[in-house]
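Peer 1: So here's entry14.cif, just mmCIF, C-alpha atoms:
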data_input
#
loop_
_atom_site.label_atom_id
_atom_site.label_comp_id
_atom_site.auth_asym_id
_atom_site.auth_seq_id
_atom_site.Cartn_x
_atom_site.Cartn_y
_atom_site.Cartn_z
CA MET A 1 0.00 0.00 0.00
CA PRO A 2 1.22 3.60 -0.50
CA ARG A 3 3.46 5.10 2.16
CA ASP A 4 2.36 8.71 2.19
CA THR A 5 4.21 11.76 3.48
CA TYR A 6 1.94 14.18 5.33
CA THR A 7 3.04 17.59 4.07
CA HIS A 8 2.13 19.46 7.25
CA GLY A 9 3.34 16.93 9.81
CA HIS A 10 2.04 17.19 13.39
CA PRO A 11 3.93 20.03 15.11
CA GLY A 12 2.03 21.86 17.83
CA VAL A 13 1.04 24.78 15.59
CA VAL A 14 -0.61 22.42 13.09
CA VAL A 15 -2.47 20.39 15.70
CA ALA A 16 -3.68 23.58 17.41
CA SER A 17 -4.96 24.93 14.10
CA HIS A 18 -6.83 21.70 13.37
CA ALA A 19 -8.27 21.66 16.90
CA ALA A 20 -9.97 25.01 16.23
CA ARG A 21 -12.14 23.51 13.47
CA THR A 22 -15.78 22.72 14.11
CA ALA A 23 -18.40 20.64 12.38
CA GLN A 24 -20.30 23.82 11.59
CA ASP A 25 -17.42 25.50 9.72
CA SER A 26 -15.96 22.34 8.21
CA CYS A 27 -18.79 19.95 7.30
CA GLY A 28 -21.98 21.93 7.04
CA TYR A 29 -22.80 20.01 3.83
CA LEU A 30 -23.05 16.80 5.88
CA LEU A 31 -24.91 18.00 8.97
CA PRO A 32 -28.43 17.85 7.47
CA ARG A 33 -27.89 14.14 6.76
CA LEU A 34 -27.13 13.26 10.39
CA ALA A 35 -29.62 12.18 13.04
CA ALA A 36 -29.58 10.80 16.55
CA GLY A 37 -28.39 7.21 16.47
CA THR A 38 -26.35 7.53 13.26
CA SER A 39 -23.08 5.60 13.43
CA LEU A 40 -20.07 7.49 12.05
CA LEU A 41 -16.41 6.85 11.27
CA ASP A 42 -14.16 9.93 11.03
CA VAL A 43 -11.09 9.11 8.92
CA GLY A 44 -8.11 11.37 9.62
CA CYS A 45 -9.73 12.83 12.73
CA GLY A 46 -6.64 14.68 13.99
CA PRO A 47 -7.19 16.29 17.40
CA GLY A 48 -10.88 15.40 17.25
CA SER A 49 -12.70 18.75 17.47
CA ILE A 50 -14.87 17.96 14.42
CA THR A 51 -15.30 14.37 15.57
CA ALA A 52 -16.59 15.54 18.94
CA ASP A 53 -19.08 17.92 17.32
CA LEU A 54 -20.34 15.13 15.09
CA ALA A 55 -20.59 12.76 18.04
CA ALA A 56 -22.72 15.26 19.95
CA ARG A 57 -25.01 15.55 16.95
CA VAL A 58 -25.54 11.79 16.43
CA ALA A 59 -25.57 10.64 20.07
CA PRO A 60 -26.24 7.94 21.12
CA GLY A 61 -24.87 6.67 17.80
CA ARG A 62 -21.48 5.00 17.81
CA VAL A 63 -18.61 7.27 16.67
CA ARG A 64 -15.01 6.33 15.98
CA GLY A 65 -12.13 8.61 14.95
CA VAL A 66 -8.97 7.23 13.37
CA GLU A 67 -5.55 8.66 12.54
CA VAL A 68 -2.51 7.19 10.88
CA VAL A 69 -0.28 8.27 13.82
CA PRO A 70 -1.03 8.31 17.56
CA GLY A 71 0.15 11.85 18.40
CA PRO A 72 -3.04 13.88 17.81
CA LEU A 73 -5.27 11.26 19.44
CA GLU A 74 -4.28 12.21 22.98
CA ARG A 75 -5.83 15.62 22.45
CA ALA A 76 -8.84 14.05 20.70
CA ARG A 77 -9.56 11.81 23.68
CA ALA A 78 -9.22 14.73 26.08
CA THR A 79 -11.60 16.85 23.99
CA ALA A 80 -14.27 14.15 23.90
CA ALA A 81 -13.89 13.39 27.61
CA ALA A 82 -14.21 17.08 28.54
CA ARG A 83 -17.53 17.19 26.69
CA GLY A 84 -18.79 13.95 28.21
CA LEU A 85 -18.85 12.20 24.83
CA ASP A 86 -18.30 8.49 24.29
CA VAL A 87 -16.02 8.42 21.23
CA GLU A 88 -13.54 5.73 20.25
CA PHE A 89 -10.16 6.90 18.92
CA ALA A 90 -7.53 4.63 17.39
CA VAL A 91 -4.63 4.42 14.96
CA ASP A 92 -5.78 2.99 11.64
CA ASP A 93 -4.91 3.07 7.94
CA GLY A 94 -7.19 4.79 5.45
CA TYR A 95 -6.06 2.37 2.75
CA ALA A 96 -6.91 -0.69 4.88
CA LEU A 97 -9.34 0.19 7.65
CA SER A 98 -9.75 -2.40 10.39
CA ASP A 99 -13.57 -2.27 10.31
CA PRO A 100 -15.56 -5.07 8.65
CA ASP A 101 -17.53 -4.41 5.48
CA GLY A 102 -20.71 -2.38 5.93
CA THR A 103 -20.05 -1.20 9.48
CA TRP A 104 -20.95 2.51 9.43
CA ASP A 105 -23.89 4.67 8.41
CA VAL A 106 -21.53 7.55 7.53
CA VAL A 107 -17.80 7.54 6.75
CA HIS A 108 -16.35 11.06 6.81
CA ALA A 109 -12.99 12.62 5.93
CA HIS A 110 -12.07 16.30 6.18
CA GLN A 111 -8.88 17.60 4.53
CA VAL A 112 -7.56 14.05 4.05
CA LEU A 113 -7.73 13.18 0.35
CA GLN A 114 -5.49 16.10 -0.64
CA HIS A 115 -2.67 14.52 1.37
CA VAL A 116 -2.72 10.92 0.10
CA SER A 117 -1.05 9.58 -3.01
CA ASP A 118 -4.05 7.44 -4.00
CA PRO A 119 -7.27 9.24 -3.01
CA VAL A 120 -9.39 6.94 -5.16
CA ALA A 121 -8.19 3.93 -3.16
CA VAL A 122 -9.02 5.70 0.11
CA LEU A 123 -12.52 6.55 -1.14
CA ARG A 124 -13.07 2.91 -2.16
CA GLU A 125 -11.99 1.79 1.29
CA MET A 126 -14.31 4.31 2.93
CA GLY A 127 -17.11 2.90 0.79
CA ARG A 128 -16.24 -0.66 1.80
CA VAL A 129 -16.78 0.02 5.50
CA ALA A 130 -20.00 2.03 4.93
CA ARG A 131 -23.27 0.14 5.04
CA PRO A 132 -25.37 -0.28 1.88
CA GLY A 133 -27.38 2.91 1.50
CA GLY A 134 -24.98 4.80 3.75
CA LEU A 135 -22.86 7.83 2.94
CA VAL A 136 -19.22 8.58 2.24
CA ALA A 137 -18.53 12.28 2.82
CA ALA A 138 -15.37 14.23 2.03
CA ARG A 139 -14.32 17.88 1.97
CA ASP A 140 -10.97 19.24 0.79
CA ALA A 141 -9.43 22.62 0.10
CA ASP A 142 -8.33 23.76 -3.35
CA TYR A 143 -5.09 25.72 -3.01
CA ALA A 144 -5.04 27.10 -6.53
CA GLY A 145 -8.31 28.86 -5.70
CA PHE A 146 -6.94 30.74 -2.66
CA HIS A 147 -7.33 34.52 -3.00
CA TRP A 148 -6.21 37.24 -0.61
CA TRP A 149 -5.91 40.96 -0.23
CA PRO A 150 -3.71 43.00 -0.03
CA GLN A 151 -1.55 41.41 -2.67
CA ASP A 152 2.01 40.50 -1.68
CA PRO A 153 4.53 38.66 -3.88
CA ARG A 154 5.86 36.88 -0.81
CA LEU A 155 2.44 35.30 -0.29
CA ASP A 156 2.33 34.36 -3.98
CA ARG A 157 5.64 32.62 -3.34
CA TRP A 158 4.19 30.89 -0.25
CA LEU A 159 1.45 29.36 -2.38
CA GLU A 160 3.92 28.35 -5.09
CA LEU A 161 6.15 26.65 -2.53
CA TYR A 162 3.27 24.91 -0.79
CA ARG A 163 1.95 23.42 -4.01
CA ALA A 164 5.44 22.34 -5.08
CA VAL A 165 6.19 20.64 -1.77
CA ALA A 166 2.82 18.89 -1.67
CA ARG A 167 3.19 17.60 -5.22
CA GLY A 168 6.70 16.45 -4.34
CA ASN A 169 5.01 14.28 -1.72
CA ASP A 170 2.72 12.75 -4.38
CA ALA A 171 -0.20 14.71 -2.92
CA GLU A 172 -2.72 16.96 -4.68
CA PRO A 173 -3.10 20.45 -3.15
CA ASP A 174 -5.86 21.36 -5.62
CA ALA A 175 -8.01 18.48 -4.41
CA GLY A 176 -11.31 20.31 -4.05
CA ARG A 177 -12.00 20.46 -7.78
CA ARG A 178 -11.07 16.81 -8.20
CA LEU A 179 -13.32 15.23 -5.57
CA LEU A 180 -16.19 14.53 -7.95
CA GLY A 181 -13.88 12.83 -10.44
CA TRP A 182 -12.21 10.81 -7.73
CA ALA A 183 -15.61 9.67 -6.45
CA HIS A 184 -16.60 8.52 -9.93
CA ALA A 185 -13.27 6.72 -10.34
CA ALA A 186 -13.87 4.98 -7.01
CA GLY A 187 -17.11 3.56 -8.40
CA PHE A 188 -19.73 5.79 -6.79
CA THR A 189 -22.64 6.52 -9.12
CA GLU A 190 -24.80 8.65 -6.79
CA VAL A 191 -22.67 11.63 -5.86
CA THR A 192 -23.82 15.05 -4.68
CA PRO A 193 -21.05 17.64 -5.22
CA SER A 194 -21.04 21.01 -3.51
CA ALA A 195 -18.67 23.76 -2.43
CA SER A 196 -18.14 26.12 0.48
CA VAL A 197 -15.46 28.52 1.63
CA TRP A 198 -13.58 29.68 4.67
CA CYS A 199 -13.20 33.45 4.73
CA HIS A 200 -10.77 34.99 7.22
CA ALA A 201 -11.25 38.74 7.39
CA THR A 202 -12.01 39.80 10.97
CA PRO A 203 -9.05 40.86 13.14
CA ALA A 204 -9.30 37.69 15.21
CA ALA A 205 -9.57 35.43 12.18
CA ARG A 206 -6.66 37.15 10.44
CA ASP A 207 -4.55 36.89 13.55
CA ALA A 208 -5.28 33.16 13.84
CA TRP A 209 -4.62 32.34 10.18
CA GLY A 210 -1.72 34.71 9.56
CA GLY A 211 -0.04 34.00 12.87
CA MET A 212 -0.43 30.26 12.31
CA TRP A 213 1.24 30.36 8.88
CA ALA A 214 3.94 32.76 10.07
CA GLU A 215 5.02 29.96 12.40
CA ARG A 216 4.03 27.01 10.27
CA ILE A 217 6.26 27.97 7.33
CA HIS A 218 9.23 27.13 9.55
CA THR A 219 7.96 23.61 10.32
CA GLY A 220 7.72 20.56 8.06
CA ILE A 221 6.76 22.30 4.84
CA GLY A 222 9.56 24.85 5.15
CA ARG A 223 12.13 22.21 6.02
CA MET A 224 11.11 20.14 3.00
CA ALA A 225 11.30 23.22 0.75
CA VAL A 226 14.86 23.94 1.91
CA GLU A 227 15.97 20.31 1.74
CA ARG A 228 14.68 20.05 -1.85
CA GLY A 229 16.39 23.25 -2.94
CA LEU A 230 13.10 25.10 -3.49
CA ALA A 231 13.77 27.90 -0.98
CA ASP A 232 16.27 29.11 1.60
CA ALA A 233 15.90 30.23 5.19
CA GLY A 234 15.86 33.91 4.24
CA GLU A 235 12.93 33.38 1.90
CA LEU A 236 11.00 31.53 4.59
CA ASP A 237 11.64 34.42 6.99
CA GLY A 238 10.21 36.79 4.38
CA ILE A 239 7.09 34.65 3.95
CA SER A 240 6.62 34.54 7.73
CA ALA A 241 6.86 38.33 7.92
CA ALA A 242 4.40 38.69 5.04
CA TRP A 243 1.79 36.64 6.89
CA ARG A 244 2.18 38.76 10.01
CA GLU A 245 1.88 41.96 7.99
CA TRP A 246 -1.21 40.62 6.24
CA ALA A 247 -2.80 39.71 9.58
CA ALA A 248 -2.17 43.21 10.93
CA HIS A 249 -3.58 45.00 7.88
CA PRO A 250 -7.11 46.36 8.48
CA ASP A 251 -8.12 45.32 4.95
CA GLY A 252 -6.66 41.82 5.21
CA TRP A 253 -8.93 39.20 3.64
CA ILE A 254 -8.50 35.63 2.40
CA VAL A 255 -10.93 33.12 0.92
CA ILE A 256 -10.22 29.38 0.91
CA PRO A 257 -12.48 27.33 -1.39
CA HIS A 258 -13.41 23.72 -0.68
CA GLY A 259 -14.94 20.97 -2.74
CA GLU A 260 -17.36 18.57 -1.06
CA ILE A 261 -18.91 15.24 -1.99
CA LEU A 262 -21.68 13.08 -0.54
CA CYS A 263 -21.48 9.59 -2.06
CA ARG A 264 -24.35 7.16 -1.66
CA VAL A 265 -23.11 3.61 -1.10
CA PRO A 266 -24.97 1.19 -3.41
CA GLY A 267 -27.98 -0.30 -1.69
CA ARG A 268 -31.28 0.92 -0.32
CA GLY A 269 -31.40 4.38 1.21
CA PRO A 270 -32.80 7.87 0.74
CA ALA A 271 -31.79 9.93 -2.27
CA PRO A 272 -28.80 12.25 -1.82
CA VAL A 273 -29.45 15.88 -0.97
CA GLN A 274 -29.39 18.57 -3.63
CA ALA A 275 -26.19 20.55 -4.12
CA ARG A 276 -25.77 23.35 -1.59
CA ARG A 277 -25.00 26.94 -2.41
CA CYS A 278 -21.57 28.20 -1.49
CA SER A 279 -21.24 29.52 2.04
CA ALA A 280 -18.70 31.53 4.00
CA THR A 281 -17.46 31.29 7.56
CA THR A 282 -14.96 33.29 9.52
#
Would you write the structure of this file as structure tokens?

Peer 2:
Amino acid sequence: MPRDTYTHGHPGVVVASHAARTAQDSCGYLLPRLAAGTSLLDVGCGPGSITADLAARVAPGRVRGVEVVPGPLERARATAAARGLDVEFAVDDGYALSDPDGTWDVVHAHQVLQHVSDPVAVLREMGRVARPGGLVAARDADYAGFHWWPQDPRLDRWLELYRAVARGNDAEPDAGRRLLGWAHAAGFTEVTPSASVWCHATPAARDAWGGMWAERIHTGIGRMAVERGLADAGELDGISAAWREWAAHPDGWIVIPHGEILCRVPGRGPAPVQARRCSATT
């Protein structure tokens, strides 16, 4: 099976950023399909903030979150425990999940398929462990669609470097636009595609996003860029400064588009929902 390199890695700044995500801002397209008692598997759950939100929504349904490495799961367990939620967390492999066929009503992945070298294989595996008539749900960003203001060539360079490093890891940073095609290639015939965005424009949102990337550029992605001869330390320092300047600018604004898919697993079940209009969150 593929041995993937996770472009971001799991330094503290990355895990903290992921832990700030919620089901409302990250999987609104799925929420109308959930009900009390729904069983759900969250593939690539990270620190579990989205998983916990989903578990609260489907309680008393069984919920399990899995990650390829154990590090983020300690925080995931603490988050669920603090909210009084009964959620299972475990290390597992998205290419070969340990669940039997047809186990789950919903199998969900957020910002996962962009990081794997064979997203079609992962989608097939997610479909295998979903029950007939159940749903496979995925949402991923599309880096080529990022837009920000004010313009800054150092931020243009950040995006260029990110996409180069990700592709050097056999990943696809522009995954959002490809989700529908990947779902078809995985054999799903009932697929509801949609899109939504994150928009960071308030002072607090800019500070969180810009401050996060000002630090994050010096972690795994920056190290890989330097090791591969794509950038040097001085350039990374410039990108870090650009993010801090952007965050401090009163007109600072960024939009991050996402593709989304709801895939009906063959078998009896209700028809998929209609495509949603685009939405924005801060």

Peer 1: Please write as a compact mmCIF listing (two decimals) with C-alpha atoms, in the coordinates of the input the list of polymer residues whose atoms come within 8 Å of (-14.1, 10.2, -3.1), counting only C-alpha atoms and keeping to the coordinates of the file.

Peer 2:
# COMPACT_ATOMS: atom_id res chain seq x y z
CA LEU A 113 -7.73 13.18 0.35
CA PRO A 119 -7.27 9.24 -3.01
CA VAL A 120 -9.39 6.94 -5.16
CA VAL A 122 -9.02 5.70 0.11
CA LEU A 123 -12.52 6.55 -1.14
CA ARG A 124 -13.07 2.91 -2.16
CA VAL A 136 -19.22 8.58 2.24
CA ALA A 137 -18.53 12.28 2.82
CA ALA A 138 -15.37 14.23 2.03
CA LEU A 179 -13.32 15.23 -5.57
CA LEU A 180 -16.19 14.53 -7.95
CA GLY A 181 -13.88 12.83 -10.44
CA TRP A 182 -12.21 10.81 -7.73
CA ALA A 183 -15.61 9.67 -6.45
CA HIS A 184 -16.60 8.52 -9.93
CA ALA A 186 -13.87 4.98 -7.01
CA ILE A 261 -18.91 15.24 -1.99
CA CYS A 263 -21.48 9.59 -2.06

Peer 1: As a check of understanding, name the residues that the PyMOL selection byres ((chain A and resi 84) around 12) selects in the supplied structure, as a PyMOL selection string.

Peer 2: chain A and resi 52-53+55-56+59-60+77-83+85-87

Peer 1: I need the residue nearest Leu40 (chain A) from this list: A:His108, A:Arg167, A:His258, A:Arg228. Use all atoms listed in the file for the distance.

Peer 2: A:His108

Peer 1: I'd like to know which of A:Met224, A:Val255, A:Val106, A:Ala96 is closest to Leu34 (chain A), using only C-alpha atoms.

Peer 2: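 Distance minimum relative to Leu34 (chain A) lands on A:Val106.
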
Peer 1: Which of these residues is nearest to Ala241 (chain A), using only C-alpha atoms: A:Val91, A:Ile221, A:Val66, A:Ala214?

Peer 2: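 Checking each candidate against Ala241 (chain A), we get A:Ala214 as the closest.
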
Peer 1: Leaving out Arg128 (chain A) and any residue of its chain fewer than 6 positions from it, which residues lie within 9 Å of it when counting only C-alpha atoms, given as an NGL selection string?

Peer 2: :A and (100-103 or 265)

Peer 1: Can you write out the residues you just picked, keeping C-alpha atoms, as a compact mmCIF listing (two decimals), keeping the file's coordinate frame?

Peer 2:
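File produced: selection_21.txt:
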# COMPACT_ATOMS: atom_id res chain seq x y z
CA PRO A 100 -15.56 -5.07 8.65
CA ASP A 101 -17.53 -4.41 5.48
CA GLY A 102 -20.71 -2.38 5.93
CA THR A 103 -20.05 -1.20 9.48
CA VAL A 265 -23.11 3.61 -1.10

Peer 1: I need the residue nearest Thr5 (chain A) from this list: A:Asp105, A:Asp170, A:Asp140, A:Asp25. Use only C-alpha atoms for the distance.

Peer 2: A:Asp170

Peer 1: Between A:Trp243, A:Gln111, A:Arg64, A:Pro47, which one has atoms that come closest to Ser17 (chain A), using all atoms listed in the file?

Peer 2: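 Using all atoms listed in the file, Ser17 (chain A) sits closest to A:Pro47.
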
Peer 1: Could you spell out the hits of the PyMOL selection byres ((chain A and resi 199) around 12) on the shown file, as a PyMOL selection string?

Peer 2: chain A and resi 25-26+146-149+196-198+200-206+209+252-258+278-282

Peer 1: With C-alpha atoms retained, write the just-selected residues as an mmCIF file, keeping the file's coordinate frame.

Peer 2:
data_model
loop_
_atom_site.group_PDB
_atom_site.id
_atom_site.type_symbol
_atom_site.label_atom_id
_atom_site.label_comp_id
_atom_site.auth_asym_id
_atom_site.auth_seq_id
_atom_site.Cartn_x
_atom_site.Cartn_y
_atom_site.Cartn_z
ATOM 1 C CA ASP A 25 -17.420 25.500 9.720
ATOM 2 C CA SER A 26 -15.960 22.340 8.210
ATOM 3 C CA PHE A 146 -6.940 30.740 -2.660
ATOM 4 C CA HIS A 147 -7.330 34.520 -3.000
ATOM 5 C CA TRP A 148 -6.210 37.240 -0.610
ATOM 6 C CA TRP A 149 -5.910 40.960 -0.230
ATOM 7 C CA SER A 196 -18.140 26.120 0.480
ATOM 8 C CA VAL A 197 -15.460 28.520 1.630
ATOM 9 C CA TRP A 198 -13.580 29.680 4.670
ATOM 10 C CA HIS A 200 -10.770 34.990 7.220
ATOM 11 C CA ALA A 201 -11.250 38.740 7.390
ATOM 12 C CA THR A 202 -12.010 39.800 10.970
ATOM 13 C CA PRO A 203 -9.050 40.860 13.140
ATOM 14 C CA ALA A 204 -9.300 37.690 15.210
ATOM 15 C CA ALA A 205 -9.570 35.430 12.180
ATOM 16 C CA ARG A 206 -6.660 37.150 10.440
ATOM 17 C CA TRP A 209 -4.620 32.340 10.180
ATOM 18 C CA GLY A 252 -6.660 41.820 5.210
ATOM 19 C CA TRP A 253 -8.930 39.200 3.640
ATOM 20 C CA ILE A 254 -8.500 35.630 2.400
ATOM 21 C CA VAL A 255 -10.930 33.120 0.920
ATOM 22 C CA ILE A 256 -10.220 29.380 0.910
ATOM 23 C CA PRO A 257 -12.480 27.330 -1.390
ATOM 24 C CA HIS A 258 -13.410 23.720 -0.680
ATOM 25 C CA CYS A 278 -21.570 28.200 -1.490
ATOM 26 C CA SER A 279 -21.240 29.520 2.040
ATOM 27 C CA ALA A 280 -18.700 31.530 4.000
ATOM 28 C CA THR A 281 -17.460 31.290 7.560
ATOM 29 C CA THR A 282 -14.960 33.290 9.520
#

Peer 1: Could you jot down the CA of Gly46 (chain A) to CA of Arg178 (chain A) separation for me, Å, one decimal place?

Peer 2: 22.7 Å

Peer 1: Could you work out how far CA of Arg244 (chain A) lies from CA of Glu160 (chain A), giving the answer in Å with one decimal?

Peer 2: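 Between these atoms lies a distance of 18.4 Å.
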
Peer 1: Would you write out, as a PyMOL selection string, every residue that the PyMOL selection byres ((chain A and resi 152-159) around 7) captures in this file?

Peer 2: chain A and resi 150-151+160-163+238-239+242

Peer 1: Could you write out the selected residues, including C-alpha atoms, as a compact mmCIF listing (two decimals), keeping the file's coordinate frame?

Peer 2:
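Wrote result17.txt, looks like this:
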# COMPACT_ATOMS: atom_id res chain seq x y z
CA PRO A 150 -3.71 43.00 -0.03
CA GLN A 151 -1.55 41.41 -2.67
CA GLU A 160 3.92 28.35 -5.09
CA LEU A 161 6.15 26.65 -2.53
CA TYR A 162 3.27 24.91 -0.79
CA ARG A 163 1.95 23.42 -4.01
CA GLY A 238 10.21 36.79 4.38
CA ILE A 239 7.09 34.65 3.95
CA ALA A 242 4.40 38.69 5.04

Peer 1: Which residue is closest to Gly210 (chain A)? Choose from A:Asp232, A:Glu74, A:Glu245, A:Asp237 and count only C-alpha atoms.

Peer 2: A:Glu245

Peer 1: By how many Å are CA of Cys27 (chain A) and CA of Val165 (chain A) apart?

Peer 2: 26.6 Å

Peer 1: Work out where the centre of an axis-aligned box around every listed atom of region 228-247 of chain A lies and how long its edges are once 3 Å is added on each side; give both in Å to one decimal as lines of an AutoDock Vina configuration file.

Peer 2:
center_x = 6.8
center_y = 31.0
center_z = 3.3
size_x = 25.2
size_y = 27.9
size_z = 19.5

Peer 1: Env of Asp93 (chain A): 10 Å cut, atoms = all atoms listed in the file, seq-sep filter 2 positions within chain, self excluded. Answer as a ChimeraX atom specification.

Peer 2: /A:1,43-44,66-69,90-91,95-98,122,125
